[in-house]
>>> print(open('work-v7.pdb').read())   # PDB, N, CA and C atoms
ATOM      1  N   MET A  19     -10.642 -97.107  -3.405
ATOM      2  CA  MET A  19     -10.497 -98.466  -3.872
ATOM      3  C   MET A  19      -9.636 -99.315  -2.951
ATOM      4  N   ALA A  20      -8.826 -98.714  -2.169
ATOM      5  CA  ALA A  20      -7.954 -99.472  -1.277
ATOM      6  C   ALA A  20      -8.765-100.310  -0.290
ATOM      7  N   THR A  21      -9.919 -99.805   0.132
ATOM      8  CA  THR A  21     -10.721-100.569   1.088
ATOM      9  C   THR A  21     -11.290-101.828   0.453
ATOM     10  N   LYS A  22     -11.635-101.766  -0.821
ATOM     11  CA  LYS A  22     -12.149-102.957  -1.498
ATOM     12  C   LYS A  22     -11.064-104.022  -1.598
ATOM     13  N   ASP A  23      -9.844-103.611  -1.913
ATOM     14  CA  ASP A  23      -8.740-104.555  -1.992
ATOM     15  C   ASP A  23      -8.485-105.219  -0.648
ATOM     16  N   LYS A  24      -8.558-104.445   0.429
ATOM     17  CA  LYS A  24      -8.339-105.007   1.765
ATOM     18  C   LYS A  24      -9.420-106.020   2.108
ATOM     19  N   LYS A  25     -10.664-105.739   1.724
ATOM     20  CA  LYS A  25     -11.749-106.670   2.011
ATOM     21  C   LYS A  25     -11.531-107.994   1.298
ATOM     22  N   LYS A  26     -11.117-107.943   0.049
ATOM     23  CA  LYS A  26     -10.882-109.172  -0.697
ATOM     24  C   LYS A  26      -9.805-110.014  -0.029
ATOM     25  N   LYS A  27      -8.717-109.387   0.376
ATOM     26  CA  LYS A  27      -7.616-110.115   1.001
ATOM     27  C   LYS A  27      -8.029-110.689   2.354
ATOM     28  N   ALA A  28      -8.801-109.957   3.111
ATOM     29  CA  ALA A  28      -9.194-110.400   4.442
ATOM     30  C   ALA A  28     -10.170-111.573   4.386
ATOM     31  N   SER A  29     -11.002-111.610   3.358
ATOM     32  CA  SER A  29     -12.000-112.671   3.289
ATOM     33  C   SER A  29     -11.424-113.972   2.753
ATOM     34  N   ARG A  30     -10.256-113.908   2.158
ATOM     35  CA  ARG A  30      -9.639-115.100   1.593
ATOM     36  C   ARG A  30      -8.646-115.712   2.558
ATOM     37  N   VAL A  31      -8.733-117.014   2.756
ATOM     38  CA  VAL A  31      -7.814-117.700   3.656
ATOM     39  C   VAL A  31      -6.637-118.196   2.835
ATOM     40  N   VAL A  32      -5.449-117.824   3.250
ATOM     41  CA  VAL A  32      -4.244-118.220   2.552
ATOM     42  C   VAL A  32      -3.859-119.629   2.982
ATOM     43  N   LYS A  33      -3.351-120.403   2.026
ATOM     44  CA  LYS A  33      -2.971-121.792   2.291
ATOM     45  C   LYS A  33      -2.049-121.872   3.499
ATOM     46  N   GLY A  34      -2.343-122.796   4.406
ATOM     47  CA  GLY A  34      -1.503-123.015   5.569
ATOM     48  C   GLY A  34      -1.837-122.148   6.768
ATOM     49  N   GLN A  35      -2.783-121.246   6.636
ATOM     50  CA  GLN A  35      -3.140-120.419   7.787
ATOM     51  C   GLN A  35      -3.846-121.261   8.837
ATOM     52  N   GLU A  36      -3.840-120.765  10.029
ATOM     53  CA  GLU A  36      -4.436-121.501  11.150
ATOM     54  C   GLU A  36      -5.934-121.763  10.965
ATOM     55  N   LEU A  37      -6.633-120.891  10.266
ATOM     56  CA  LEU A  37      -8.066-121.127  10.057
ATOM     57  C   LEU A  37      -8.304-122.396   9.256
ATOM     58  N   GLU A  38      -7.484-122.630   8.244
ATOM     59  CA  GLU A  38      -7.624-123.857   7.468
ATOM     60  C   GLU A  38      -7.252-125.075   8.309
ATOM     61  N   VAL A  39      -6.224-124.927   9.119
ATOM     62  CA  VAL A  39      -5.812-126.030   9.988
ATOM     63  C   VAL A  39      -6.946-126.363  10.952
ATOM     64  N   GLU A  40      -7.520-125.339  11.580
ATOM     65  CA  GLU A  40      -8.630-125.560  12.519
ATOM     66  C   GLU A  40      -9.819-126.215  11.822
ATOM     67  N   HIS A  41     -10.132-125.724  10.638
ATOM     68  CA  HIS A  41     -11.267-126.277   9.906
ATOM     69  C   HIS A  41     -11.040-127.755   9.589
ATOM     70  N   LEU A  42      -9.853-128.080   9.133
ATOM     71  CA  LEU A  42      -9.559-129.468   8.788
ATOM     72  C   LEU A  42      -9.552-130.371  10.017
ATOM     73  N   THR A  43      -9.044-129.873  11.142
ATOM     74  CA  THR A  43      -9.042-130.700  12.358
ATOM     75  C   THR A  43     -10.464-130.983  12.829
ATOM     76  N   GLU A  44     -11.341-129.993  12.732
ATOM     77  CA  GLU A  44     -12.730-130.194  13.144
ATOM     78  C   GLU A  44     -13.489-131.053  12.139
ATOM     79  N   PHE A  45     -13.271-130.782  10.875
ATOM     80  CA  PHE A  45     -13.993-131.461   9.808
ATOM     81  C   PHE A  45     -13.591-132.925   9.687
ATOM     82  N   ALA A  46     -12.289-133.198   9.780
ATOM     83  CA  ALA A  46     -11.793-134.544   9.490
ATOM     84  C   ALA A  46     -11.320-135.296  10.726
ATOM     85  N   ASP A  47     -11.367-134.651  11.884
ATOM     86  CA  ASP A  47     -10.956-135.293  13.136
ATOM     87  C   ASP A  47      -9.511-135.805  13.068
ATOM     88  N   VAL A  48      -8.616-134.914  12.642
ATOM     89  CA  VAL A  48      -7.183-135.211  12.629
ATOM     90  C   VAL A  48      -6.494-134.214  13.549
ATOM     91  N   THR A  49      -5.234-134.494  13.892
ATOM     92  CA  THR A  49      -4.495-133.582  14.752
ATOM     93  C   THR A  49      -4.057-132.355  13.965
ATOM     94  N   PRO A  50      -3.758-131.247  14.639
ATOM     95  CA  PRO A  50      -3.262-130.070  13.926
ATOM     96  C   PRO A  50      -1.987-130.362  13.132
ATOM     97  N   LYS A  51      -1.114-131.197  13.673
ATOM     98  CA  LYS A  51       0.119-131.549  12.961
ATOM     99  C   LYS A  51      -0.205-132.292  11.661
ATOM    100  N   GLN A  52      -1.142-133.236  11.731
ATOM    101  CA  GLN A  52      -1.556-133.968  10.533
ATOM    102  C   GLN A  52      -2.220-133.026   9.535
ATOM    103  N   ALA A  53      -3.046-132.106  10.037
ATOM    104  CA  ALA A  53      -3.739-131.163   9.165
ATOM    105  C   ALA A  53      -2.741-130.273   8.419
ATOM    106  N   ARG A  54      -1.721-129.782   9.123
ATOM    107  CA  ARG A  54      -0.710-128.946   8.474
ATOM    108  C   ARG A  54       0.035-129.720   7.383
ATOM    109  N   ALA A  55       0.359-130.973   7.680
ATOM    110  CA  ALA A  55       1.064-131.803   6.692
ATOM    111  C   ALA A  55       0.193-132.022   5.455
ATOM    112  N   LEU A  56      -1.081-132.293   5.670
ATOM    113  CA  LEU A  56      -1.989-132.495   4.544
ATOM    114  C   LEU A  56      -2.152-131.225   3.721
ATOM    115  N   LEU A  57      -2.259-130.086   4.394
ATOM    116  CA  LEU A  57      -2.401-128.815   3.677
ATOM    117  C   LEU A  57      -1.149-128.477   2.887
ATOM    118  N   ARG A  58       0.023-128.785   3.439
ATOM    119  CA  ARG A  58       1.265-128.549   2.684
ATOM    120  C   ARG A  58       1.313-129.439   1.447
ATOM    121  N   LYS A  59       0.846-130.661   1.607
ATOM    122  CA  LYS A  59       0.925-131.636   0.516
ATOM    123  C   LYS A  59      -0.112-131.367  -0.587
ATOM    124  N   HIS A  60      -1.349-131.032  -0.187
ATOM    125  CA  HIS A  60      -2.446-130.940  -1.150
ATOM    126  C   HIS A  60      -3.008-129.540  -1.349
ATOM    127  N   GLY A  61      -2.548-128.569  -0.600
ATOM    128  CA  GLY A  61      -3.080-127.216  -0.753
ATOM    129  C   GLY A  61      -4.542-127.171  -0.357
ATOM    130  N   ALA A  62      -5.337-126.470  -1.134
ATOM    131  CA  ALA A  62      -6.747-126.275  -0.808
ATOM    132  C   ALA A  62      -7.655-127.234  -1.579
ATOM    133  N   ASP A  63      -7.133-128.360  -2.002
ATOM    134  CA  ASP A  63      -7.936-129.373  -2.690
ATOM    135  C   ASP A  63      -8.684-130.175  -1.632
ATOM    136  N   TRP A  64      -9.871-129.690  -1.252
ATOM    137  CA  TRP A  64     -10.593-130.259  -0.111
ATOM    138  C   TRP A  64     -11.075-131.675  -0.357
ATOM    139  N   THR A  65     -11.311-132.039  -1.598
ATOM    140  CA  THR A  65     -11.688-133.421  -1.901
ATOM    141  C   THR A  65     -10.543-134.355  -1.548
ATOM    142  N   LYS A  66      -9.357-133.995  -1.983
ATOM    143  CA  LYS A  66      -8.168-134.792  -1.701
ATOM    144  C   LYS A  66      -7.855-134.785  -0.201
ATOM    145  N   LEU A  67      -7.991-133.613   0.428
ATOM    146  CA  LEU A  67      -7.742-133.510   1.862
ATOM    147  C   LEU A  67      -8.666-134.435   2.650
ATOM    148  N   LYS A  68      -9.939-134.453   2.274
ATOM    149  CA  LYS A  68     -10.917-135.299   2.969
ATOM    150  C   LYS A  68     -10.545-136.773   2.817
ATOM    151  N   ASP A  69     -10.203-137.176   1.601
ATOM    152  CA  ASP A  69      -9.828-138.572   1.367
ATOM    153  C   ASP A  69      -8.597-138.964   2.172
ATOM    154  N   GLU A  70      -7.587-138.119   2.156
ATOM    155  CA  GLU A  70      -6.344-138.409   2.887
ATOM    156  C   GLU A  70      -6.594-138.449   4.398
ATOM    157  N   ALA A  71      -7.420-137.535   4.896
ATOM    158  CA  ALA A  71      -7.721-137.488   6.325
ATOM    159  C   ALA A  71      -8.466-138.742   6.761
ATOM    160  N   GLU A  72      -9.374-139.231   5.927
ATOM    161  CA  GLU A  72     -10.093-140.463   6.241
ATOM    162  C   GLU A  72      -9.121-141.641   6.303
ATOM    163  N   ASP A  73      -8.150-141.659   5.398
ATOM    164  CA  ASP A  73      -7.132-142.725   5.424
ATOM    165  C   ASP A  73      -6.317-142.669   6.719
ATOM    166  N   LEU A  74      -6.009-141.469   7.182
ATOM    167  CA  LEU A  74      -5.245-141.320   8.427
ATOM    168  C   LEU A  74      -6.045-141.843   9.630
ATOM    169  N   LYS A  75      -7.328-141.606   9.641
ATOM    170  CA  LYS A  75      -8.163-142.053  10.754
ATOM    171  C   LYS A  75      -8.232-143.561  10.832
ATOM    172  N   GLU A  76      -8.158-144.227   9.683
ATOM    173  CA  GLU A  76      -8.264-145.685   9.641
ATOM    174  C   GLU A  76      -7.027-146.372  10.204
ATOM    175  N   GLU A  77      -5.882-145.698  10.183
ATOM    176  CA  GLU A  77      -4.629-146.298  10.653
ATOM    177  C   GLU A  77      -4.578-146.422  12.144
TER     178      GLU A  77
END
>>> encode(input="work-v7.pdb", output="structure tokens")
Amino acid sequence: MATKDKKKKASRVVKGQELEVEHLTEFADVTPKQARALLRKHGADWTKLKDEAEDLKEE
């Protein structure tokens, strides 16, 4: 059973990891610094992240 537990953990991206930062920078065209700040503020709420990232691009 230990292998199943490891698979579950490996497939899940933890909040603030670089994979989420990379995804947000590519998806929303923001800098990595902006992406990290948004992820700290909103967690994995991608609807909110998208809205906030669009607001950043407009500035």
>>> resolve_selection(input="work-v7.pdb", expression="the PyMOL selection byres (((chain A and resi 68 and name CA) around 12) and name CA)", output="list in words")
His41, Leu42, Thr43, Glu44, Phe45, Ala46, Asp47, Val48, Ala53, Leu56, Leu57, His60, Gly61, Ala62, Asp63, Trp64, Thr65, Lys66, Leu67, Asp69, Glu70, Ala71, Glu72, Asp73, Leu74 and Lys75 of chain A
>>> atom_distance(input="work-v7.pdb", atom1="atom CA of Thr49 of chain A", atom2="atom C of Glu76 of chain A")
13.8 Å
>>> atom_distance(input="work-v7.pdb", atom1="atom N of Pro50 of chain A", atom2="atom CA of Glu36 of chain A")
10.4 Å
>>> atom_distance(input="work-v7.pdb", atom1="atom C of Glu77 of chain A", atom2="atom N of Leu37 of chain A")
25.7 Å
